[in-house]
Amino acid sequence: MSPPRRIVADMNDSAYGIIPAYLLARLAESGRFPRAADAARQTLLAGRPTFRTRINLSIDEQGDLVAELSDAPNRTISDAQNTETLPGAVVRAEDDPAADDVSVNEAFDGLGATFELLLGAYDRNSLDGAGAALDATVHYGVDYDNAFWDGERMVFGDGDGEVFRGFTGSITVIGHELAHGVIQHTANLEYQGQPGALNESIADVFGALTEQYSEGQTSDRASWLIGAGIFTDEVQGRALRSMLEPGTAYDDDELGKDPQPAHMRDFVQTTEDNGGVHINSGIPNRAFALTATTLGGNAWERAGLTWYRALTGGLASTANFREFADATIAAAVDDEVATATRAAWTTVGVYEDARRSPTE
């Protein structure tokens, strides 16, 4: 009998998938979840391959009807019908009624929620700031264990049913992946090392903010979890990542323990995962969550605006953690935000603690 084939994850893939290749590679060797293991192997082998307006009606103080035009999303959802051919058949466009397919409607609503965050909080008309269409494909592949932004559209697998559920049900996943489109059109951070980890972290920030904005959650009531609900009940885990407590999202016999560090002293040096982009993103993730919770209120308003300004204010594509931290201080909306932001970057070790002596 020939020896079993070892699946090696392609860690240099430049597409942005919500499930890190290192987690899929671990799952591919699972004996506890045979269907999920096969799905993970297939997912690894597969790889990752018009302006609109709306009328807002209101009544003014004189009782007159007022009609105002504002930007509106332009969404199209396609169905790959369990193939790996994109884009698939169109099943719902912007003005169509809800479909019978739950995944189609979840994707449609998630795209809309992300659009509303960008427009309402940052006056940004879609991913490129110029009304770009929001396209997505559902039912990609068979038991495909990922969701990703391919540079033009969102793509959702259905999961294997043993470890991963379908990915359209998580608004943080959708917000995260679409945020890669915003990053692509602004700083275009390199997907390697610290710039790549910032790319992933900023996507997590907007994923969390999309959920919070949609649900009207203040920073103290938010879960700060990315991908909550995508694991089945068989997995010992809350989510893919915890922004507030990196390294605590899951701890499962088959999947291992969440490897994200929360401090620079634990920064992971690796050639895998494009230099640890999904792993080391825990450090800037915690910096944002600490900034937001220290300030209180709605995270998208002060902390979120500061991060958005830093991203869109001429940030270099090769920016490292310290350079991005400096950019957030410079972009802070007021002195209180600057103080909270500096304290957060100090807590995670990007800035040195001035209270310590050089010998400590």
# chains A, B, ... in the order shown; residues from 1 in each chain; ligands from 1

$ residues_around --residues "segment 135-152 of chain A" --least-positions-apart "2" --cutoff "7 Å" --atoms "only C-alpha atoms" --output "number ranges by chain"
A: 15-19, 39-40, 43, 49, 75-84, 87-88, 103-104, 133, 154-160, 164, 167, 177-178, 180-181

$ residues_around --residues "segment 210-219 of chain A" --least-positions-apart "2" --cutoff "6 Å" --atoms "only C-alpha atoms" --output "list in words"
Thr114, Leu117, Ile171, Thr172, Gly175, Phe206, Gly207, Ala208, Arg221, Ala222, Thr293, Gly296, Gly297, Asn298 and Ala299 of chain A

$ write_last_selection --atoms "all heavy atoms" --output "compact mmCIF listing (two decimals), in the first residue's frame"
# COMPACT_ATOMS: atom_id res chain seq x y z
N THR A 114 -21.81 46.01 5.07
CA THR A 114 -20.48 46.57 4.92
C THR A 114 -20.54 47.91 4.19
O THR A 114 -19.86 48.88 4.56
CB THR A 114 -19.56 45.60 4.16
OG1 THR A 114 -19.60 44.32 4.79
CG2 THR A 114 -18.14 46.10 4.13
N LEU A 117 -21.72 50.63 6.61
CA LEU A 117 -20.66 51.08 7.51
C LEU A 117 -19.75 52.08 6.80
O LEU A 117 -19.48 53.16 7.33
CB LEU A 117 -19.83 49.90 8.02
CG LEU A 117 -18.51 50.30 8.70
CD1 LEU A 117 -18.78 50.87 10.09
CD2 LEU A 117 -17.54 49.14 8.77
N ILE A 171 -21.27 37.93 9.66
CA ILE A 171 -21.12 39.28 9.12
C ILE A 171 -19.69 39.77 9.30
O ILE A 171 -19.19 40.57 8.50
CB ILE A 171 -22.14 40.23 9.78
CG1 ILE A 171 -22.21 41.55 9.00
CG2 ILE A 171 -21.79 40.49 11.24
CD1 ILE A 171 -23.35 42.44 9.45
N THR A 172 -18.98 39.27 10.33
CA THR A 172 -17.59 39.69 10.50
C THR A 172 -16.72 39.11 9.40
O THR A 172 -15.75 39.75 8.97
CB THR A 172 -17.04 39.27 11.87
OG1 THR A 172 -17.19 37.85 12.04
CG2 THR A 172 -17.77 39.98 13.00
N GLY A 175 -17.53 41.35 6.31
CA GLY A 175 -16.91 42.65 6.46
C GLY A 175 -15.39 42.58 6.34
O GLY A 175 -14.76 43.46 5.75
N PHE A 206 -12.41 46.18 10.35
CA PHE A 206 -13.63 46.54 9.62
C PHE A 206 -14.66 45.42 9.66
O PHE A 206 -15.87 45.69 9.58
CB PHE A 206 -13.29 46.97 8.20
CG PHE A 206 -12.68 48.34 8.14
CD1 PHE A 206 -11.31 48.50 7.97
CD2 PHE A 206 -13.45 49.47 8.30
CE1 PHE A 206 -10.73 49.75 7.95
CE2 PHE A 206 -12.90 50.73 8.27
CZ PHE A 206 -11.52 50.88 8.10
N GLY A 207 -14.21 44.18 9.81
CA GLY A 207 -15.16 43.10 10.02
C GLY A 207 -15.91 43.27 11.32
O GLY A 207 -17.14 43.14 11.38
N ALA A 208 -15.17 43.57 12.39
CA ALA A 208 -15.81 43.79 13.70
C ALA A 208 -16.70 45.02 13.67
O ALA A 208 -17.81 45.02 14.22
CB ALA A 208 -14.74 43.92 14.78
N ARG A 221 -20.07 46.32 24.66
CA ARG A 221 -21.03 45.23 24.48
C ARG A 221 -20.65 44.29 23.33
O ARG A 221 -21.26 43.24 23.15
CB ARG A 221 -22.44 45.79 24.24
CG ARG A 221 -22.99 46.59 25.42
CD ARG A 221 -24.41 47.06 25.15
NE ARG A 221 -25.33 45.95 25.02
CZ ARG A 221 -25.92 45.33 26.04
NH1 ARG A 221 -25.67 45.72 27.28
NH2 ARG A 221 -26.76 44.34 25.83
N ALA A 222 -19.66 44.67 22.56
CA ALA A 222 -19.25 43.88 21.41
C ALA A 222 -18.47 42.65 21.86
O ALA A 222 -17.81 42.65 22.90
CB ALA A 222 -18.41 44.72 20.47
N THR A 293 -12.19 50.17 23.41
CA THR A 293 -12.83 49.94 24.70
C THR A 293 -12.42 50.97 25.74
O THR A 293 -13.19 51.31 26.64
CB THR A 293 -12.53 48.52 25.22
OG1 THR A 293 -11.12 48.28 25.22
CG2 THR A 293 -13.21 47.47 24.34
N GLY A 296 -14.59 53.93 24.81
CA GLY A 296 -16.01 53.65 25.03
C GLY A 296 -16.87 54.16 23.88
O GLY A 296 -16.37 54.67 22.87
N GLY A 297 -18.15 53.98 24.01
CA GLY A 297 -19.07 54.42 22.97
C GLY A 297 -18.99 53.55 21.74
O GLY A 297 -18.65 52.37 21.81
N ASN A 298 -19.30 54.12 20.59
CA ASN A 298 -19.30 53.39 19.33
C ASN A 298 -17.89 53.34 18.75
O ASN A 298 -17.29 54.38 18.47
CB ASN A 298 -20.24 54.04 18.33
CG ASN A 298 -21.68 54.04 18.80
OD1 ASN A 298 -22.13 53.08 19.43
ND2 ASN A 298 -22.41 55.10 18.50
N ALA A 299 -17.37 52.14 18.56
CA ALA A 299 -15.98 51.98 18.13
C ALA A 299 -15.73 52.57 16.75
O ALA A 299 -14.61 52.99 16.45
CB ALA A 299 -15.60 50.50 18.15

$ residues_around --residues "segment 264-270 of chain A" --least-positions-apart "6" --cutoff "10 Å" --atoms "only C-alpha atoms" --output "ChimeraX atom specification"
/A:193,276-277,279-284,321,345-351

$ residues_around --residues "Leu315 of chain A" --least-positions-apart "2" --cutoff "10 Å" --atoms "only C-alpha atoms" --output "list in words"
Thr186, Ala187, Asn188, Leu189, Arg309, Ala310, Leu311, Thr312, Gly313, Ser317, Thr318, Ala319, Glu323, Phe324 and Ala327 of chain A

$ select_by_dssp --residues "segment 97-333 of chain A" --states "helix (DSSP H, G or I)" --output "VMD selection string"
chain A and resid 102 to 122 167 to 169 171 to 185 193 to 215 264 to 266 273 to 276 282 to 295 303 to 312 321 to 331

$ atom_distance --atom1 "atom CA of Leu198 of chain A" --atom2 "atom CA of Ala262 of chain A"
13.8 Å

$ closest_residue --among "A:Ala179, A:Val163, A:Leu305, A:Leu23" --to "Ala121 of chain A" --atoms "only C-alpha atoms"
A:Leu305

$ closest_residue --among "A:Val205, A:Val337, A:Ala228, A:Leu27" --to "Asn285 of chain A" --atoms "only C-alpha atoms"
A:Val205

$ atom_distance --atom1 "atom CA of Ala107 of chain A" --atom2 "atom CA of Asp204 of chain A"
17.7 Å

$ residues_around --residues "Gly31 of chain A" --least-positions-apart "6" --cutoff "12 Å" --atoms "only C-alpha atoms" --output "PyMOL selection string"
chain A and resi 37-38+162+253-255

$ closest_residue --among "A:Gly112, A:Gly161, A:Pro20, A:Gly275" --to "Arg241 of chain A" --atoms "only C-alpha atoms"
A:Pro20

$ atom_distance --atom1 "atom CA of Gly304 of chain A" --atom2 "atom CA of Gly227 of chain A"
19.4 Å

$ select_by_dssp --residues "segment 108-262 of chain A" --states "strand (DSSP E)" --output "list in words"
Leu134, Asp135, Ala136, Thr137, Val138, Ala147, Phe148, Trp149, Met154, Val155, Phe156, Leu225, Ile226, Arg241, Ser242, Asp251, Asp252, Gly256 and Lys257 of chain A

$ write_last_selection --atoms "N, CA, C and O atoms" --output "CSV table (one decimal), in the first residue's frame"
chain,number,residue,atom,x,y,z
A,134,LEU,N,-20.7,45.6,-5.8
A,134,LEU,CA,-20.4,44.6,-4.8
A,134,LEU,C,-20.9,43.3,-5.3
A,134,LEU,O,-22.1,43.0,-5.4
A,135,ASP,N,-20.0,42.4,-5.7
A,135,ASP,CA,-20.3,41.1,-6.3
A,135,ASP,C,-19.9,40.0,-5.3
A,135,ASP,O,-18.8,40.1,-4.7
A,136,ALA,N,-20.7,38.9,-5.3
A,136,ALA,CA,-20.3,37.8,-4.5
A,136,ALA,C,-20.8,36.5,-5.2
A,136,ALA,O,-21.8,36.5,-6.0
A,137,THR,N,-20.1,35.4,-4.9
A,137,THR,CA,-20.5,34.1,-5.4
A,137,THR,C,-20.6,33.2,-4.2
A,137,THR,O,-19.8,33.1,-3.3
A,138,VAL,N,-21.8,32.4,-4.1
A,138,VAL,CA,-22.0,31.5,-3.1
A,138,VAL,C,-21.9,30.0,-3.6
A,138,VAL,O,-21.9,29.9,-4.8
A,147,ALA,N,-13.8,31.3,2.8
A,147,ALA,CA,-14.4,32.5,2.1
A,147,ALA,C,-13.3,33.4,1.8
A,147,ALA,O,-12.4,33.6,2.6
A,148,PHE,N,-13.3,34.1,0.6
A,148,PHE,CA,-12.2,34.9,0.3
A,148,PHE,C,-12.6,36.0,-0.7
A,148,PHE,O,-13.6,36.0,-1.3
A,149,TRP,N,-11.7,37.1,-0.7
A,149,TRP,CA,-11.8,38.2,-1.6
A,149,TRP,C,-10.8,37.9,-2.7
A,149,TRP,O,-9.6,37.8,-2.4
A,154,MET,N,-16.4,38.7,-3.6
A,154,MET,CA,-16.4,37.8,-2.5
A,154,MET,C,-16.8,36.4,-2.9
A,154,MET,O,-17.7,36.3,-3.8
A,155,VAL,N,-16.2,35.4,-2.4
A,155,VAL,CA,-16.5,34.0,-2.7
A,155,VAL,C,-16.7,33.2,-1.5
A,155,VAL,O,-15.8,33.3,-0.5
A,156,PHE,N,-17.8,32.5,-1.4
A,156,PHE,CA,-18.1,31.7,-0.2
A,156,PHE,C,-18.2,30.2,-0.4
A,156,PHE,O,-18.9,29.8,-1.3
A,225,LEU,N,-15.1,39.2,18.4
A,225,LEU,CA,-14.7,37.9,17.8
A,225,LEU,C,-14.9,38.0,16.3
A,225,LEU,O,-15.8,38.7,15.8
A,226,ILE,N,-14.0,37.4,15.6
A,226,ILE,CA,-14.0,37.3,14.1
A,226,ILE,C,-14.4,35.9,13.7
A,226,ILE,O,-13.7,35.0,14.1
A,241,ARG,N,-10.8,34.2,15.6
A,241,ARG,CA,-9.9,35.1,16.3
A,241,ARG,C,-10.7,35.9,17.3
A,241,ARG,O,-11.9,36.2,17.1
A,242,SER,N,-10.0,36.3,18.3
A,242,SER,CA,-10.5,37.2,19.3
A,242,SER,C,-9.6,38.5,19.2
A,242,SER,O,-8.4,38.4,19.5
A,251,ASP,N,-9.4,26.2,21.2
A,251,ASP,CA,-8.4,25.3,21.7
A,251,ASP,C,-9.1,23.9,21.6
A,251,ASP,O,-9.8,23.4,22.5
A,252,ASP,N,-8.7,23.2,20.5
A,252,ASP,CA,-9.4,22.0,20.2
A,252,ASP,C,-8.4,20.9,19.9
A,252,ASP,O,-7.3,21.1,19.4
A,256,GLY,N,-5.9,22.2,17.3
A,256,GLY,CA,-4.9,22.8,18.1
A,256,GLY,C,-5.4,24.1,18.8
A,256,GLY,O,-6.6,24.4,18.9
A,257,LYS,N,-4.4,24.9,19.3
A,257,LYS,CA,-4.8,26.1,20.0
A,257,LYS,C,-4.5,27.3,19.2
A,257,LYS,O,-3.6,27.4,18.4
